[in-house]
file protein_2.txt (compact mmCIF, N, CA and C atoms and all ligand atoms)
# COMPACT_ATOMS: atom_id res chain seq x y z
N MET A 213 65.84 12.92 93.90
CA MET A 213 65.41 11.53 94.03
C MET A 213 66.62 10.59 93.97
N GLN A 214 66.62 9.57 94.80
CA GLN A 214 67.75 8.63 94.83
C GLN A 214 67.66 7.66 93.65
N LYS A 215 68.81 7.34 93.09
CA LYS A 215 68.85 6.38 92.00
C LYS A 215 69.88 5.30 92.33
N ALA A 216 69.66 4.12 91.78
CA ALA A 216 70.60 3.03 91.99
C ALA A 216 71.59 3.01 90.83
N LEU A 217 72.86 2.87 91.13
CA LEU A 217 73.89 2.81 90.11
C LEU A 217 74.76 1.58 90.34
N GLU A 218 74.77 0.71 89.34
CA GLU A 218 75.60 -0.49 89.42
C GLU A 218 77.03 -0.11 89.04
N ILE A 219 77.99 -0.39 89.91
CA ILE A 219 79.34 0.10 89.60
C ILE A 219 80.36 -0.99 89.28
N CYS A 220 80.16 -2.21 89.76
CA CYS A 220 81.07 -3.30 89.39
C CYS A 220 80.51 -4.61 89.91
N ASP A 221 81.18 -5.70 89.53
CA ASP A 221 80.85 -7.00 90.12
C ASP A 221 81.60 -7.14 91.44
N LYS A 222 80.98 -7.78 92.40
CA LYS A 222 81.68 -8.02 93.67
C LYS A 222 82.96 -8.83 93.43
N SER A 223 82.90 -9.72 92.44
CA SER A 223 84.07 -10.57 92.17
C SER A 223 85.24 -9.78 91.58
N ASP A 224 85.00 -8.52 91.18
CA ASP A 224 86.09 -7.68 90.66
C ASP A 224 87.01 -7.19 91.77
N VAL A 225 86.55 -7.27 93.01
CA VAL A 225 87.30 -6.68 94.13
C VAL A 225 87.62 -7.77 95.14
N ALA A 226 88.84 -8.23 95.14
CA ALA A 226 89.22 -9.30 96.06
C ALA A 226 89.23 -8.79 97.50
N GLU A 227 89.02 -9.69 98.44
CA GLU A 227 89.07 -9.34 99.86
C GLU A 227 90.37 -8.59 100.16
N GLY A 228 90.26 -7.47 100.84
CA GLY A 228 91.44 -6.70 101.24
C GLY A 228 91.96 -5.77 100.15
N SER A 229 91.25 -5.69 99.02
CA SER A 229 91.75 -4.85 97.94
C SER A 229 90.78 -3.72 97.60
N ILE A 230 91.21 -2.87 96.69
CA ILE A 230 90.46 -1.66 96.32
C ILE A 230 90.42 -1.57 94.80
N LEU A 231 89.29 -1.18 94.27
CA LEU A 231 89.14 -1.01 92.82
C LEU A 231 88.72 0.43 92.55
N LYS A 232 89.39 1.08 91.60
CA LYS A 232 88.94 2.40 91.17
C LYS A 232 87.91 2.23 90.06
N VAL A 233 86.80 2.93 90.16
CA VAL A 233 85.75 2.87 89.15
C VAL A 233 85.40 4.29 88.71
N ASP A 234 85.52 4.54 87.41
CA ASP A 234 85.08 5.82 86.83
C ASP A 234 83.74 5.59 86.18
N ILE A 235 82.72 6.24 86.67
CA ILE A 235 81.38 6.01 86.12
C ILE A 235 80.51 7.23 86.37
N ASN A 236 79.72 7.63 85.38
CA ASN A 236 78.77 8.74 85.54
C ASN A 236 79.43 9.99 86.10
N GLU A 237 80.62 10.33 85.64
CA GLU A 237 81.37 11.49 86.13
C GLU A 237 81.77 11.37 87.60
N LEU A 238 81.69 10.17 88.14
CA LEU A 238 82.16 9.94 89.50
C LEU A 238 83.47 9.14 89.43
N GLU A 239 84.39 9.47 90.33
CA GLU A 239 85.59 8.65 90.48
C GLU A 239 85.49 8.03 91.85
N LEU A 240 85.32 6.72 91.89
CA LEU A 240 85.01 6.03 93.13
C LEU A 240 86.09 5.04 93.49
N ALA A 241 86.21 4.77 94.78
CA ALA A 241 87.05 3.69 95.26
C ALA A 241 86.12 2.67 95.91
N VAL A 242 86.21 1.42 95.44
CA VAL A 242 85.39 0.34 95.98
C VAL A 242 86.30 -0.56 96.80
N TYR A 243 85.94 -0.76 98.05
CA TYR A 243 86.77 -1.54 98.97
C TYR A 243 86.07 -2.84 99.33
N HIS A 244 86.84 -3.91 99.45
CA HIS A 244 86.32 -5.17 100.00
C HIS A 244 87.12 -5.42 101.28
N ALA A 245 86.48 -5.12 102.38
CA ALA A 245 87.20 -5.13 103.66
C ALA A 245 86.45 -5.98 104.67
N GLU A 246 87.12 -6.98 105.17
CA GLU A 246 86.57 -7.82 106.24
C GLU A 246 85.18 -8.34 105.88
N GLY A 247 85.07 -8.80 104.63
CA GLY A 247 83.84 -9.47 104.20
C GLY A 247 82.73 -8.58 103.68
N ALA A 248 82.95 -7.28 103.69
CA ALA A 248 81.90 -6.37 103.23
C ALA A 248 82.48 -5.39 102.21
N PHE A 249 81.58 -4.72 101.50
CA PHE A 249 81.98 -3.76 100.48
C PHE A 249 81.64 -2.34 100.95
N TYR A 250 82.50 -1.41 100.57
CA TYR A 250 82.32 0.01 100.91
C TYR A 250 82.72 0.83 99.69
N VAL A 251 82.12 2.00 99.55
CA VAL A 251 82.43 2.87 98.41
C VAL A 251 82.61 4.30 98.92
N THR A 252 83.72 4.91 98.48
CA THR A 252 83.96 6.33 98.78
C THR A 252 84.37 7.02 97.49
N ASP A 253 84.43 8.37 97.55
CA ASP A 253 85.10 9.09 96.47
C ASP A 253 86.54 8.61 96.43
N ASP A 254 87.12 8.62 95.22
CA ASP A 254 88.51 8.17 95.10
C ASP A 254 89.49 9.29 95.44
N LEU A 255 89.12 10.52 95.14
CA LEU A 255 90.05 11.64 95.34
C LEU A 255 90.09 12.04 96.81
N CYS A 256 91.27 12.01 97.37
CA CYS A 256 91.46 12.41 98.76
C CYS A 256 91.00 13.86 98.96
N THR A 257 90.41 14.15 100.11
CA THR A 257 89.95 15.52 100.37
C THR A 257 91.11 16.46 100.68
N HIS A 258 92.30 15.92 100.83
CA HIS A 258 93.45 16.75 101.19
C HIS A 258 94.26 17.22 99.99
N GLY A 259 94.15 16.52 98.86
CA GLY A 259 94.98 16.87 97.71
C GLY A 259 94.79 15.88 96.59
N PRO A 260 95.83 15.66 95.82
CA PRO A 260 95.68 14.85 94.61
C PRO A 260 95.75 13.34 94.82
N GLY A 261 95.81 12.88 96.05
CA GLY A 261 95.94 11.45 96.30
C GLY A 261 94.72 10.67 95.81
N SER A 262 94.98 9.48 95.26
CA SER A 262 93.93 8.59 94.81
C SER A 262 93.81 7.48 95.85
N LEU A 263 92.67 7.43 96.53
CA LEU A 263 92.58 6.48 97.66
C LEU A 263 92.65 5.03 97.20
N SER A 264 92.28 4.77 95.94
CA SER A 264 92.37 3.39 95.46
C SER A 264 93.82 2.93 95.32
N GLU A 265 94.76 3.89 95.38
CA GLU A 265 96.18 3.53 95.34
C GLU A 265 96.79 3.52 96.74
N GLY A 266 95.93 3.71 97.75
CA GLY A 266 96.42 3.76 99.12
C GLY A 266 96.52 2.39 99.75
N TYR A 267 96.68 2.39 101.07
CA TYR A 267 96.90 1.15 101.82
C TYR A 267 95.68 0.91 102.70
N LEU A 268 95.06 -0.24 102.50
CA LEU A 268 93.85 -0.58 103.26
C LEU A 268 94.23 -1.50 104.42
N GLU A 269 93.83 -1.09 105.61
CA GLU A 269 94.08 -1.93 106.79
C GLU A 269 92.80 -1.96 107.62
N GLY A 270 92.14 -3.10 107.65
CA GLY A 270 90.84 -3.18 108.30
C GLY A 270 89.87 -2.26 107.58
N HIS A 271 89.28 -1.33 108.31
CA HIS A 271 88.35 -0.38 107.69
C HIS A 271 88.97 0.99 107.49
N VAL A 272 90.29 1.05 107.52
CA VAL A 272 90.97 2.35 107.39
C VAL A 272 91.77 2.38 106.10
N ILE A 273 91.54 3.45 105.32
CA ILE A 273 92.34 3.65 104.10
C ILE A 273 93.34 4.75 104.37
N GLU A 274 94.60 4.46 104.03
CA GLU A 274 95.67 5.45 104.18
C GLU A 274 96.03 5.97 102.79
N CYS A 275 95.90 7.26 102.61
CA CYS A 275 96.27 7.90 101.34
C CYS A 275 97.78 7.78 101.16
N ASP A 276 98.22 7.42 99.96
CA ASP A 276 99.67 7.22 99.77
C ASP A 276 100.39 8.53 99.45
N PHE A 277 99.65 9.65 99.51
CA PHE A 277 100.27 10.93 99.15
C PHE A 277 100.92 11.59 100.37
N HIS A 278 100.12 11.82 101.41
CA HIS A 278 100.69 12.40 102.65
C HIS A 278 100.30 11.56 103.86
N ASN A 279 99.79 10.37 103.60
CA ASN A 279 99.49 9.40 104.67
C ASN A 279 98.34 9.78 105.60
N GLY A 280 97.43 10.63 105.12
CA GLY A 280 96.19 10.86 105.86
C GLY A 280 95.34 9.59 105.82
N LYS A 281 94.45 9.45 106.80
CA LYS A 281 93.64 8.23 106.88
C LYS A 281 92.17 8.55 107.09
N PHE A 282 91.32 7.69 106.47
CA PHE A 282 89.87 7.79 106.62
C PHE A 282 89.30 6.43 107.01
N ASP A 283 88.18 6.47 107.73
CA ASP A 283 87.40 5.27 108.00
C ASP A 283 86.45 5.09 106.82
N ILE A 284 86.58 3.98 106.09
CA ILE A 284 85.77 3.81 104.87
C ILE A 284 84.31 3.51 105.19
N ARG A 285 83.99 3.22 106.45
CA ARG A 285 82.59 2.94 106.81
C ARG A 285 81.77 4.21 106.88
N ASN A 286 82.37 5.31 107.32
CA ASN A 286 81.59 6.54 107.48
C ASN A 286 82.32 7.77 106.92
N GLY A 287 83.52 7.60 106.41
CA GLY A 287 84.26 8.69 105.80
C GLY A 287 85.02 9.58 106.77
N GLU A 288 84.92 9.29 108.05
CA GLU A 288 85.57 10.16 109.04
C GLU A 288 87.09 10.15 108.90
N VAL A 289 87.67 11.31 109.18
CA VAL A 289 89.12 11.41 109.20
C VAL A 289 89.65 10.66 110.42
N VAL A 290 90.65 9.82 110.20
CA VAL A 290 91.25 9.05 111.28
C VAL A 290 92.64 9.58 111.61
N ALA A 291 93.32 10.15 110.59
CA ALA A 291 94.66 10.68 110.84
C ALA A 291 94.91 11.89 109.94
N PRO A 292 95.63 12.90 110.47
CA PRO A 292 95.97 14.07 109.67
C PRO A 292 96.98 13.70 108.59
N PRO A 293 97.20 14.55 107.59
CA PRO A 293 96.79 15.95 107.53
C PRO A 293 95.37 16.16 106.98
N CYS A 294 94.61 15.12 106.70
CA CYS A 294 93.25 15.33 106.20
C CYS A 294 92.40 15.98 107.30
N LEU A 295 91.54 16.90 106.88
CA LEU A 295 90.65 17.58 107.82
C LEU A 295 89.19 17.35 107.47
N VAL A 296 88.93 17.16 106.18
CA VAL A 296 87.56 17.03 105.69
C VAL A 296 87.27 15.56 105.41
N GLU A 297 86.13 15.08 105.88
CA GLU A 297 85.82 13.67 105.68
C GLU A 297 85.63 13.35 104.20
N ILE A 298 85.81 12.08 103.86
CA ILE A 298 85.63 11.63 102.48
C ILE A 298 84.16 11.21 102.30
N LYS A 299 83.62 11.51 101.13
CA LYS A 299 82.22 11.16 100.87
C LYS A 299 82.09 9.64 100.74
N THR A 300 81.09 9.10 101.40
CA THR A 300 80.81 7.66 101.29
C THR A 300 79.46 7.49 100.58
N TYR A 301 79.25 6.32 100.03
CA TYR A 301 78.03 6.02 99.28
C TYR A 301 77.34 4.82 99.92
N LYS A 302 76.03 4.92 100.04
CA LYS A 302 75.25 3.82 100.59
C LYS A 302 75.17 2.70 99.56
N ILE A 303 75.42 1.48 100.00
CA ILE A 303 75.34 0.33 99.11
C ILE A 303 73.98 -0.32 99.24
N ILE A 304 73.37 -0.60 98.08
CA ILE A 304 72.08 -1.28 98.05
C ILE A 304 72.34 -2.77 97.94
N ASP A 305 71.70 -3.53 98.75
CA ASP A 305 71.96 -4.97 98.80
C ASP A 305 71.69 -5.63 97.44
N HIS A 306 72.66 -6.37 96.97
CA HIS A 306 72.53 -7.09 95.70
C HIS A 306 73.45 -8.30 95.77
N ASP A 307 73.04 -9.40 95.18
CA ASP A 307 73.82 -10.64 95.30
C ASP A 307 75.23 -10.52 94.75
N SER A 308 75.35 -10.15 93.48
CA SER A 308 76.65 -10.27 92.83
C SER A 308 77.25 -8.94 92.36
N LYS A 309 76.51 -7.87 92.46
CA LYS A 309 76.98 -6.57 91.98
C LYS A 309 77.13 -5.61 93.16
N VAL A 310 78.03 -4.65 93.00
CA VAL A 310 78.08 -3.54 93.94
C VAL A 310 77.21 -2.43 93.34
N VAL A 311 76.15 -2.09 94.05
CA VAL A 311 75.19 -1.09 93.60
C VAL A 311 75.11 0.00 94.66
N ILE A 312 75.27 1.26 94.23
CA ILE A 312 75.22 2.36 95.20
C ILE A 312 74.00 3.23 94.92
N GLU A 313 73.69 4.02 95.95
CA GLU A 313 72.60 4.99 95.84
C GLU A 313 73.24 6.33 95.52
N ILE A 314 72.76 6.97 94.46
CA ILE A 314 73.22 8.33 94.17
C ILE A 314 72.02 9.25 94.13
N GLY A 315 72.21 10.50 94.47
CA GLY A 315 71.05 11.37 94.54
C GLY A 315 71.20 12.62 93.74
S1 LIG B 401 96.48 14.05 99.30
FE1 LIG B 401 95.76 12.48 100.63
S2 LIG B 401 96.76 12.93 102.52
FE2 LIG B 401 97.36 14.57 101.20
call {"tool": "encode", "arguments": {"input": "protein_2.txt", "output": "structure tokens"}}
result
Amino acid sequence: MQKALEICDKSDVAEGSILKVDINELELAVYHAEGAFYVTDDLCTHGPGSLSEGYLEGHVIECDFHNGKFDIRNGEVVAPPCLVEIKTYKIIDHDSKVVIEIG
């Protein structure tokens, strides 16, 4: 069954920035990109890189470890050496909080 999990205030994440959130045994990266919020796992699928420490450009996050890239909207790999997509989380509409669906 899907559950709603409140992970931060929208005001915690400035436009163009990323916030790491540790909650419920999840390590998440929350992005505020081009007016919208997105949430992925923080740990890069390629290795020990933390995506919240990477470089955000538009909807693409570049891991600062080996420079692999993912699309934060759907988790797809955009640039190697990453091969496996990053997990993304559906955001439930809420005025002031970032709330995700977990299952
Ligand atoms: S750990 Fe992220 S690209 Fe290698």
call {"tool": "atom_distance", "arguments": {"input": "protein_2.txt", "atom1": "CA of Ser308 in chain A", "atom2": "CA of Leu263 in chain A"}}
result
23.6 Å
call {"tool": "select_by_dssp", "arguments": {"input": "protein_2.txt", "residues": "range 243-277 of chain A", "states": "strand (DSSP E)", "output": "short mmCIF file (atom, residue, chain, number, x, y, z; two decimals) with N, CA and C atoms, in the frame of the given file"}}
result
data_model
loop_
_atom_site.label_atom_id
_atom_site.label_comp_id
_atom_site.auth_asym_id
_atom_site.auth_seq_id
_atom_site.Cartn_x
_atom_site.Cartn_y
_atom_site.Cartn_z
N TYR A 243 85.94 -0.76 98.05
CA TYR A 243 86.77 -1.54 98.97
C TYR A 243 86.07 -2.84 99.33
N HIS A 244 86.84 -3.91 99.45
CA HIS A 244 86.32 -5.17 100.00
C HIS A 244 87.12 -5.42 101.28
N ALA A 245 86.48 -5.12 102.38
CA ALA A 245 87.20 -5.13 103.66
C ALA A 245 86.45 -5.98 104.67
N ALA A 248 82.95 -7.28 103.69
CA ALA A 248 81.90 -6.37 103.23
C ALA A 248 82.48 -5.39 102.21
N PHE A 249 81.58 -4.72 101.50
CA PHE A 249 81.98 -3.76 100.48
C PHE A 249 81.64 -2.34 100.95
N TYR A 250 82.50 -1.41 100.57
CA TYR A 250 82.32 0.01 100.91
C TYR A 250 82.72 0.83 99.69
N VAL A 251 82.12 2.00 99.55
CA VAL A 251 82.43 2.87 98.41
C VAL A 251 82.61 4.30 98.92
N THR A 252 83.72 4.91 98.48
CA THR A 252 83.96 6.33 98.78
C THR A 252 84.37 7.02 97.49
N ASP A 253 84.43 8.37 97.55
CA ASP A 253 85.10 9.09 96.47
C ASP A 253 86.54 8.61 96.43
N TYR A 267 96.68 2.39 101.07
CA TYR A 267 96.90 1.15 101.82
C TYR A 267 95.68 0.91 102.70
N LEU A 268 95.06 -0.24 102.50
CA LEU A 268 93.85 -0.58 103.26
C LEU A 268 94.23 -1.50 104.42
N GLU A 269 93.83 -1.09 105.61
CA GLU A 269 94.08 -1.93 106.79
C GLU A 269 92.80 -1.96 107.62
N VAL A 272 90.29 1.05 107.52
CA VAL A 272 90.97 2.35 107.39
C VAL A 272 91.77 2.38 106.10
N ILE A 273 91.54 3.45 105.32
CA ILE A 273 92.34 3.65 104.10
C ILE A 273 93.34 4.75 104.37
N GLU A 274 94.60 4.46 104.03
CA GLU A 274 95.67 5.45 104.18
C GLU A 274 96.03 5.97 102.79
#
call {"tool": "residues_near_point", "arguments": {"input": "protein_2.txt", "point": "(73.2, 2.2, 98.5)", "cutoff": "6 Å", "atoms": "all atoms listed in the file", "output": "ChimeraX atom specification"}}
result
/A:301-305,311-313
call {"tool": "residues_near_point", "arguments": {"input": "protein_2.txt", "point": "(80.5, -5.4, 89.8)", "cutoff": "8 Å", "atoms": "all atoms listed in the file", "output": "list in words"}}
result
Glu218, Ile219, Cys220, Asp221, Lys222, Ser223, Asp224, Val225, Ser308, Lys309, Val310 and Val311 of chain A
call {"tool": "residues_near_ligand", "arguments": {"input": "protein_2.txt", "ligand": "ligand LIG 401 (chain B)", "cutoff": "5 Å", "atoms": "all atoms listed in the file", "output": "list of chain:residue names"}}
result
A:Cys256, A:His258, A:Gly259, A:Pro260, A:Gly261, A:Cys275, A:Phe277, A:His278, A:Asn279, A:Gly280
call {"tool": "select_by_dssp", "arguments": {"input": "protein_2.txt", "residues": "chain A", "states": "helix (DSSP H, G or I)", "output": "list in words"}}
result
Lys222, Ser223, Asp224, Leu263, Ser264 and Glu265 of chain A
call {"tool": "atom_distance", "arguments": {"input": "protein_2.txt", "atom1": "CA of His306 in chain A", "atom2": "atom N of Phe249 in chain A"}}
result
11.0 Å
call {"tool": "atom_distance", "arguments": {"input": "protein_2.txt", "atom1": "CA of Val272 in chain A", "atom2": "CA of Val242 in chain A"}}
result
12.9 Å
call {"tool": "closest_residue", "arguments": {"input": "protein_2.txt", "among": "A:Lys215, A:Gly247, A:Cys294, A:Ile230", "to": "Ile314 in chain A", "atoms": "all atoms listed in the file"}}
result
A:Lys215
call {"tool": "residues_around", "arguments": {"input": "protein_2.txt", "residues": "His271 in chain A", "least_positions_apart": "5", "cutoff": "6.5 Å", "atoms": "all atoms listed in the file", "output": "list in words"}}
result
Ala245, Phe282, Asp283, Ile284 and Arg285 of chain A
call {"tool": "closest_residue", "arguments": {"input": "protein_2.txt", "among": "A:Glu239, A:Glu246, A:Glu274, A:Asp234", "to": "Val290 in chain A", "atoms": "only C-alpha atoms"}}
result
A:Glu274
call {"tool": "residues_around", "arguments": {"input": "protein_2.txt", "residues": "Lys232 in chain A", "least_positions_apart": "6", "cutoff": "6 Å", "atoms": "all atoms listed in the file", "output": "PyMOL selection string"}}
result
chain A and resi 240-242+264
call {"tool": "closest_residue", "arguments": {"input": "protein_2.txt", "among": "A:Pro292, A:Tyr267, A:Glu297, A:Leu238", "to": "Asp254 in chain A", "atoms": "all atoms listed in the file"}}
result
A:Leu238
call {"tool": "closest_residue", "arguments": {"input": "protein_2.txt", "among": "A:Glu269, A:Gly287, A:Asn236, A:Ile298", "to": "Thr257 in chain A", "atoms": "all atoms listed in the file"}}
result
A:Ile298
call {"tool": "axis_aligned_box", "arguments": {"input": "protein_2.txt", "around": "range 221-233 of chain A", "padding_each_side": "8 Å", "output": "lines of an AutoDock Vina configuration file"}}
result
center_x = 86.4
center_y = -3.1
center_z = 95.0
size_x = 27.1
size_y = 30.9
size_z = 28.5
call {"tool": "decode", "arguments": {"input": "protein_2.txt", "residues": "range 270-294 of chain A", "atoms": "N, CA and C atoms", "output": "tab-separated table (two decimals), in the first residue's frame"}}
result
chain	number	residue	atom	x	y	z
A	270	GLY	N	19.49	22.41	-15.23
A	270	GLY	CA	18.16	22.11	-15.75
A	270	GLY	C	17.59	20.92	-15.00
A	271	HIS	N	17.23	19.88	-15.72
A	271	HIS	CA	16.69	18.67	-15.08
A	271	HIS	C	17.71	17.55	-15.02
A	272	VAL	N	18.98	17.89	-15.19
A	272	VAL	CA	20.02	16.86	-15.20
A	272	VAL	C	20.93	17.03	-14.00
A	273	ILE	N	21.12	15.92	-13.27
A	273	ILE	CA	22.07	15.93	-12.15
A	273	ILE	C	23.32	15.20	-12.58
A	274	GLU	N	24.47	15.84	-12.35
A	274	GLU	CA	25.76	15.23	-12.66
A	274	GLU	C	26.41	14.79	-11.36
A	275	CYS	N	26.70	13.52	-11.24
A	275	CYS	CA	27.38	12.98	-10.06
A	275	CYS	C	28.79	13.55	-10.02
A	276	ASP	N	29.23	13.99	-8.84
A	276	ASP	CA	30.57	14.61	-8.79
A	276	ASP	C	31.68	13.57	-8.62
A	277	PHE	N	31.30	12.29	-8.68
A	277	PHE	CA	32.31	11.24	-8.46
A	277	PHE	C	32.99	10.84	-9.77
A	278	HIS	N	32.18	10.41	-10.75
A	278	HIS	CA	32.75	10.07	-12.07
A	278	HIS	C	32.00	10.79	-13.19
A	279	ASN	N	31.19	11.76	-12.80
A	279	ASN	CA	30.50	12.62	-13.78
A	279	ASN	C	29.42	11.95	-14.61
A	280	GLY	N	28.86	10.84	-14.09
A	280	GLY	CA	27.67	10.28	-14.72
A	280	GLY	C	26.49	11.23	-14.52
A	281	LYS	N	25.49	11.12	-15.40
A	281	LYS	CA	24.36	12.04	-15.33
A	281	LYS	C	23.03	11.30	-15.41
A	282	PHE	N	22.04	11.84	-14.66
A	282	PHE	CA	20.68	11.32	-14.67
A	282	PHE	C	19.69	12.45	-14.92
A	283	ASP	N	18.56	12.10	-15.53
A	283	ASP	CA	17.44	13.02	-15.64
A	283	ASP	C	16.62	12.87	-14.36
A	284	ILE	N	16.49	13.94	-13.59
A	284	ILE	CA	15.80	13.82	-12.28
A	284	ILE	C	14.30	13.67	-12.44
A	285	ARG	N	13.77	13.89	-13.64
A	285	ARG	CA	12.32	13.75	-13.85
A	285	ARG	C	11.90	12.29	-13.91
A	286	ASN	N	12.75	11.44	-14.47
A	286	ASN	CA	12.37	10.03	-14.63
A	286	ASN	C	13.48	9.06	-14.23
A	287	GLY	N	14.62	9.58	-13.82
A	287	GLY	CA	15.72	8.74	-13.35
A	287	GLY	C	16.59	8.15	-14.45
A	288	GLU	N	16.27	8.44	-15.70
A	288	GLU	CA	17.04	7.83	-16.80
A	288	GLU	C	18.49	8.30	-16.81
A	289	VAL	N	19.35	7.37	-17.21
A	289	VAL	CA	20.76	7.71	-17.38
A	289	VAL	C	20.90	8.63	-18.60
A	290	VAL	N	21.62	9.72	-18.42
A	290	VAL	CA	21.84	10.67	-19.51
A	290	VAL	C	23.29	10.59	-20.00
A	291	ALA	N	24.21	10.22	-19.09
A	291	ALA	CA	25.61	10.13	-19.51
A	291	ALA	C	26.30	9.02	-18.71
A	292	PRO	N	27.23	8.30	-19.37
A	292	PRO	CA	27.99	7.26	-18.69
A	292	PRO	C	28.95	7.89	-17.69
A	293	PRO	N	29.53	7.12	-16.77
A	293	PRO	CA	29.56	5.65	-16.76
A	293	PRO	C	28.34	5.01	-16.09
A	294	CYS	N	27.34	5.76	-15.67
A	294	CYS	CA	26.17	5.14	-15.05
A	294	CYS	C	25.43	4.29	-16.09
